[in-house]
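Notes for the one structure printed next.
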Amino acid sequence: MSQKEWTKGQLLQLSDGYWSACALHAAVRLGVFGALAGGPSDAATLAGRIGADRRALAMLLDALSALGFLDKDGSAYADTAFAARYLVRESPDYLGHILLHHHHLMPSWARLHEAVRSGKPVRERAASEEEWRESFLMGMFNLAMELAPKVVPLVE
């Protein structure tokens, strides 16, 4: 079995990869994509719509644009077709629940070294048990809806 050949750039990309996930998780939690579903908006208008700080939201929107989830034209931001399909809660293909489940797992993964050292679980629940449960159950539903059409023909 051959070993993967790493570069310094790949190592750094792996190490800072959580930044992108955090930006995505924040946008899903804040409802950014759904708030843009009606059409393009500037950061100030969108901040009022979702109850966020305009300056901080503008930085998040720029990050989401750089990641390819939003289109930016001047000062206006809009969902990409991908974001509209998978990140707007009202879409039948919404995957936000599983993304929020991943968000709830991050604090425990960040403490992996403690779990390895102690041999004990370090799982932290979300601030709201109901929110944690919904993201898990609906996330599993998201995945099942994605996989079921591929599995059914194999079982028949």
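Residue names in the structure tokens use chain letters A, B, ... in the order shown, residue numbers from 1 in each chain, and ligand numbers from 1 in the order shown.
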Requested in this report: Go through chain A and collect every residue that DSSP, computed from the backbone, puts in alpha helix (DSSP H); the answer should be as a PyMOL selection string.
Outcome: chain A and resi 8-15+17-30+32-35+43-50+54-67+81-86+96-109+112-118+129-155
Kindly provide the residues of region 43-131 of chain A that approach region 31-37 of chain A to within 7 Å, each paired with its closest atom pair and their distance in Å to one decimal, based on only C-alpha atoms, listed by chain and increasing number, as a Markdown table.
```
| residue | atom | partner | partner_atom | distance |
| --- | --- | --- | --- | --- |
| A:Ala78 | CA | A:Leu36 | CA | 5.9 |
| A:Asp79 | CA | A:Leu36 | CA | 6.2 |
| A:Ala83 | CA | A:Phe33 | CA | 6.8 |
| A:Ala84 | CA | A:Ala37 | CA | 6.7 |
| A:Leu87 | CA | A:Phe33 | CA | 6.0 |
| A:Val88 | CA | A:Gly34 | CA | 4.6 |
| A:Arg89 | CA | A:Gly34 | CA | 6.3 |
```
Keeping only N, CA, C and O atoms, write the selected residues to a file as a PDB file, in the first residue's frame.
```pdb
ATOM      1  N   ALA A  78     -26.336  36.905  -3.564  1.00  0.00           N
ATOM      2  CA  ALA A  78     -27.440  36.028  -3.957  1.00  0.00           C
ATOM      3  C   ALA A  78     -26.999  34.579  -3.805  1.00  0.00           C
ATOM      4  O   ALA A  78     -25.809  34.261  -3.924  1.00  0.00           O
ATOM      5  N   ASP A  79     -27.963  33.710  -3.532  1.00  0.00           N
ATOM      6  CA  ASP A  79     -27.679  32.280  -3.468  1.00  0.00           C
ATOM      7  C   ASP A  79     -27.231  31.775  -4.836  1.00  0.00           C
ATOM      8  O   ASP A  79     -27.780  32.187  -5.859  1.00  0.00           O
ATOM      9  N   ALA A  83     -26.668  26.473  -3.565  1.00  0.00           N
ATOM     10  CA  ALA A  83     -27.127  26.904  -2.246  1.00  0.00           C
ATOM     11  C   ALA A  83     -28.650  26.921  -2.187  1.00  0.00           C
ATOM     12  O   ALA A  83     -29.244  26.495  -1.188  1.00  0.00           O
ATOM     13  N   ALA A  84     -29.285  27.403  -3.239  1.00  0.00           N
ATOM     14  CA  ALA A  84     -30.744  27.451  -3.262  1.00  0.00           C
ATOM     15  C   ALA A  84     -31.336  26.052  -3.156  1.00  0.00           C
ATOM     16  O   ALA A  84     -32.357  25.861  -2.493  1.00  0.00           O
ATOM     17  N   LEU A  87     -29.359  24.433   0.606  1.00  0.00           N
ATOM     18  CA  LEU A  87     -29.148  25.183   1.852  1.00  0.00           C
ATOM     19  C   LEU A  87     -30.312  26.092   2.235  1.00  0.00           C
ATOM     20  O   LEU A  87     -30.240  26.771   3.254  1.00  0.00           O
ATOM     21  N   VAL A  88     -31.367  26.087   1.458  1.00  0.00           N
ATOM     22  CA  VAL A  88     -32.579  26.832   1.804  1.00  0.00           C
ATOM     23  C   VAL A  88     -33.546  25.844   2.442  1.00  0.00           C
ATOM     24  O   VAL A  88     -33.914  24.838   1.828  1.00  0.00           O
ATOM     25  N   ARG A  89     -33.927  26.136   3.664  1.00  0.00           N
ATOM     26  CA  ARG A  89     -34.726  25.201   4.468  1.00  0.00           C
ATOM     27  C   ARG A  89     -36.008  24.741   3.767  1.00  0.00           C
ATOM     28  O   ARG A  89     -36.447  23.610   3.952  1.00  0.00           O
TER      29      ARG A  89
END
```
Requested in this report: Write out as number ranges by chain each polymer residue whose atoms come within 10 Å of Val122 (chain A), counting only C-alpha atoms; drop sequence neighbours fewer than 6 positions from it.
Outcome: A: 107-116
Selection file, N, CA, C and O atoms, as a tab-separated table (two decimals), in the first residue's frame:
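Full text of selection_16.tsv as output:
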```
chain	number	residue	atom	x	y	z
A	107	PRO	N	-17.41	20.61	18.76
A	107	PRO	CA	-16.72	20.81	20.04
A	107	PRO	C	-16.09	19.52	20.59
A	107	PRO	O	-14.99	19.55	21.14
A	108	SER	N	-16.77	18.41	20.41
A	108	SER	CA	-16.22	17.14	20.88
A	108	SER	C	-15.01	16.73	20.05
A	108	SER	O	-14.01	16.26	20.60
A	109	TRP	N	-15.08	16.90	18.74
A	109	TRP	CA	-13.93	16.57	17.90
A	109	TRP	C	-12.73	17.44	18.22
A	109	TRP	O	-11.58	16.99	18.16
A	110	ALA	N	-12.99	18.70	18.60
A	110	ALA	CA	-11.90	19.59	18.97
A	110	ALA	C	-11.20	19.14	20.26
A	110	ALA	O	-10.08	19.56	20.54
A	111	ARG	N	-11.85	18.26	21.01
A	111	ARG	CA	-11.27	17.74	22.25
A	111	ARG	C	-10.83	16.29	22.10
A	111	ARG	O	-10.67	15.58	23.09
A	112	LEU	N	-10.61	15.85	20.88
A	112	LEU	CA	-10.20	14.46	20.63
A	112	LEU	C	-8.96	14.09	21.42
A	112	LEU	O	-8.87	12.98	21.96
A	113	HIS	N	-8.01	15.00	21.52
A	113	HIS	CA	-6.79	14.71	22.28
A	113	HIS	C	-7.10	14.36	23.73
A	113	HIS	O	-6.46	13.48	24.32
A	114	GLU	N	-8.12	15.01	24.32
A	114	GLU	CA	-8.51	14.70	25.70
A	114	GLU	C	-9.11	13.30	25.79
A	114	GLU	O	-8.82	12.57	26.75
A	115	ALA	N	-9.93	12.94	24.82
A	115	ALA	CA	-10.54	11.62	24.82
A	115	ALA	C	-9.49	10.53	24.67
A	115	ALA	O	-9.54	9.50	25.34
A	116	VAL	N	-8.51	10.77	23.80
A	116	VAL	CA	-7.44	9.78	23.59
A	116	VAL	C	-6.60	9.66	24.86
A	116	VAL	O	-6.24	8.55	25.28
```
Requested in this report: Identify, on the basis of only C-alpha atoms, every residue whose closest approach to His103 (chain A) does not exceed 8 Å; exclude the query and any residue fewer than 4 positions from it along the same chain; express the result as a count of residues only.
Outcome: 3
Requested in this report: Find the residues around region 14-20 of chain A up to 12 Å (only C-alpha atoms counted), leave out those fewer than 4 positions away in its own chain, and share them as a PyMOL selection string.
Outcome: chain A and resi 6-10+24-27+60+62-69+102-103+106-107+109-110
Just list the residues in chain A DSSP gives strand (DSSP E or B) on the backbone, as an mmCIF file with N, CA and C atoms, in the first residue's frame.
```cif
data_model
loop_
_atom_site.group_PDB
_atom_site.id
_atom_site.type_symbol
_atom_site.label_atom_id
_atom_site.label_comp_id
_atom_site.auth_asym_id
_atom_site.auth_seq_id
_atom_site.Cartn_x
_atom_site.Cartn_y
_atom_site.Cartn_z
ATOM 1 N N SER A 41 -29.555 40.665 -2.106
ATOM 2 C CA SER A 41 -29.673 41.639 -1.034
ATOM 3 C C SER A 41 -28.289 42.132 -0.652
ATOM 4 N N ASP A 42 -28.216 43.355 -0.132
ATOM 5 C CA ASP A 42 -26.944 43.826 0.400
ATOM 6 C C ASP A 42 -26.832 43.406 1.867
ATOM 7 N N LEU A 70 -22.347 31.722 -2.466
ATOM 8 C CA LEU A 70 -23.083 32.938 -2.830
ATOM 9 C C LEU A 70 -22.433 33.586 -4.041
ATOM 10 N N ASP A 71 -23.246 34.276 -4.836
ATOM 11 C CA ASP A 71 -22.749 35.133 -5.907
ATOM 12 C C ASP A 71 -22.758 36.554 -5.377
ATOM 13 N N LYS A 72 -21.723 37.313 -5.695
ATOM 14 C CA LYS A 72 -21.648 38.706 -5.274
ATOM 15 C C LYS A 72 -21.537 39.579 -6.514
ATOM 16 N N ASP A 73 -22.423 40.573 -6.586
ATOM 17 C CA ASP A 73 -22.404 41.536 -7.682
ATOM 18 C C ASP A 73 -22.451 42.919 -7.053
ATOM 19 N N ALA A 76 -24.369 43.436 -3.665
ATOM 20 C CA ALA A 76 -25.505 42.513 -3.559
ATOM 21 C C ALA A 76 -25.033 41.067 -3.562
ATOM 22 N N TYR A 77 -25.631 40.294 -2.682
ATOM 23 C CA TYR A 77 -25.326 38.862 -2.559
ATOM 24 C C TYR A 77 -26.561 38.070 -2.951
ATOM 25 N N ALA A 78 -26.336 36.905 -3.564
ATOM 26 C CA ALA A 78 -27.440 36.028 -3.957
ATOM 27 C C ALA A 78 -26.999 34.579 -3.805
ATOM 28 N N ASP A 79 -27.963 33.710 -3.532
ATOM 29 C CA ASP A 79 -27.679 32.280 -3.468
ATOM 30 C C ASP A 79 -27.231 31.775 -4.836
#
```
Query raised in the report: Within 10 Å of Leu57 (chain A), counting only C-alpha atoms, which residues qualify if same-chain residues fewer than 6 places away don't, as a list in words?
Result: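 Near Leu57 (chain A), the qualifying residues are Ala27, Leu30, Val32, Ala43, Ala44, Leu46, Ala47, Ile50, Gly51 and Ala63 of chain A.
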Save out the residues we just selected, all heavy atoms, as a short mmCIF file (atom, residue, chain, number, x, y, z; two decimals), in the first residue's frame.
```cif
data_model
loop_
_atom_site.label_atom_id
_atom_site.label_comp_id
_atom_site.auth_asym_id
_atom_site.auth_seq_id
_atom_site.Cartn_x
_atom_site.Cartn_y
_atom_site.Cartn_z
N ALA A 27 -23.75 30.28 8.60
CA ALA A 27 -24.75 30.72 7.63
C ALA A 27 -26.02 29.90 7.72
O ALA A 27 -27.13 30.45 7.64
CB ALA A 27 -24.16 30.64 6.21
N LEU A 30 -27.86 30.88 10.96
CA LEU A 30 -28.44 32.22 10.87
C LEU A 30 -29.57 32.31 9.83
O LEU A 30 -30.28 33.30 9.78
CB LEU A 30 -27.35 33.24 10.52
CG LEU A 30 -26.31 33.50 11.60
CD1 LEU A 30 -25.14 34.29 11.03
CD2 LEU A 30 -26.94 34.23 12.78
N VAL A 32 -29.08 32.43 6.51
CA VAL A 32 -28.62 33.34 5.45
C VAL A 32 -29.18 32.92 4.09
O VAL A 32 -29.70 33.75 3.34
CB VAL A 32 -27.08 33.39 5.40
CG1 VAL A 32 -26.58 34.06 4.13
CG2 VAL A 32 -26.54 34.11 6.63
N ALA A 43 -25.65 43.55 2.43
CA ALA A 43 -25.39 43.08 3.79
C ALA A 43 -26.25 43.81 4.81
O ALA A 43 -26.75 43.19 5.76
CB ALA A 43 -23.91 43.23 4.12
N ALA A 44 -26.45 45.11 4.65
CA ALA A 44 -27.23 45.87 5.63
C ALA A 44 -28.68 45.40 5.67
O ALA A 44 -29.25 45.19 6.75
CB ALA A 44 -27.16 47.37 5.32
N LEU A 46 -29.88 42.50 4.60
CA LEU A 46 -29.90 41.12 5.07
C LEU A 46 -29.68 41.05 6.58
O LEU A 46 -30.33 40.26 7.27
CB LEU A 46 -28.85 40.29 4.33
CG LEU A 46 -28.89 38.79 4.56
CD1 LEU A 46 -30.23 38.20 4.15
CD2 LEU A 46 -27.76 38.11 3.80
N ALA A 47 -28.79 41.90 7.10
CA ALA A 47 -28.53 41.93 8.55
C ALA A 47 -29.81 42.27 9.31
O ALA A 47 -30.11 41.64 10.34
CB ALA A 47 -27.43 42.93 8.87
N ILE A 50 -32.18 39.12 9.29
CA ILE A 50 -31.85 37.95 10.12
C ILE A 50 -31.38 38.33 11.53
O ILE A 50 -31.06 37.45 12.32
CB ILE A 50 -30.80 37.04 9.45
CG1 ILE A 50 -29.44 37.74 9.33
CG2 ILE A 50 -31.30 36.54 8.09
CD1 ILE A 50 -28.33 36.82 8.87
N GLY A 51 -31.34 39.62 11.83
CA GLY A 51 -30.94 40.06 13.16
C GLY A 51 -29.46 39.88 13.43
O GLY A 51 -29.07 39.30 14.44
N ALA A 63 -16.96 35.59 2.76
CA ALA A 63 -16.37 34.25 2.89
C ALA A 63 -17.23 33.23 2.13
O ALA A 63 -16.69 32.37 1.42
CB ALA A 63 -16.26 33.86 4.37
#
```
Report task. Work out how far CA of Lys120 (chain A) is from CA of Met140 (chain A), in Å to one decimal. Result ->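 Taking CA of Met140 (chain A) as the start and CA of Lys120 (chain A) as the end point, the length is 25.8 Å.
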Query raised in the report: Which distance in Å separates CA of Met138 (chain A) and CA of Leu95 (chain A), to one decimal?
Result: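 It comes out at 9.0 Å.
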Requested in this report: Rank A:Arg54, A:His97, A:Lys4, A:Lys150 by their smallest atom-to-atom distance to Glu131 (chain A), using only C-alpha atoms, and report the top residue only.
Outcome: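 Residue with the minimum atom-to-atom distance to Glu131 (chain A): A:His97.
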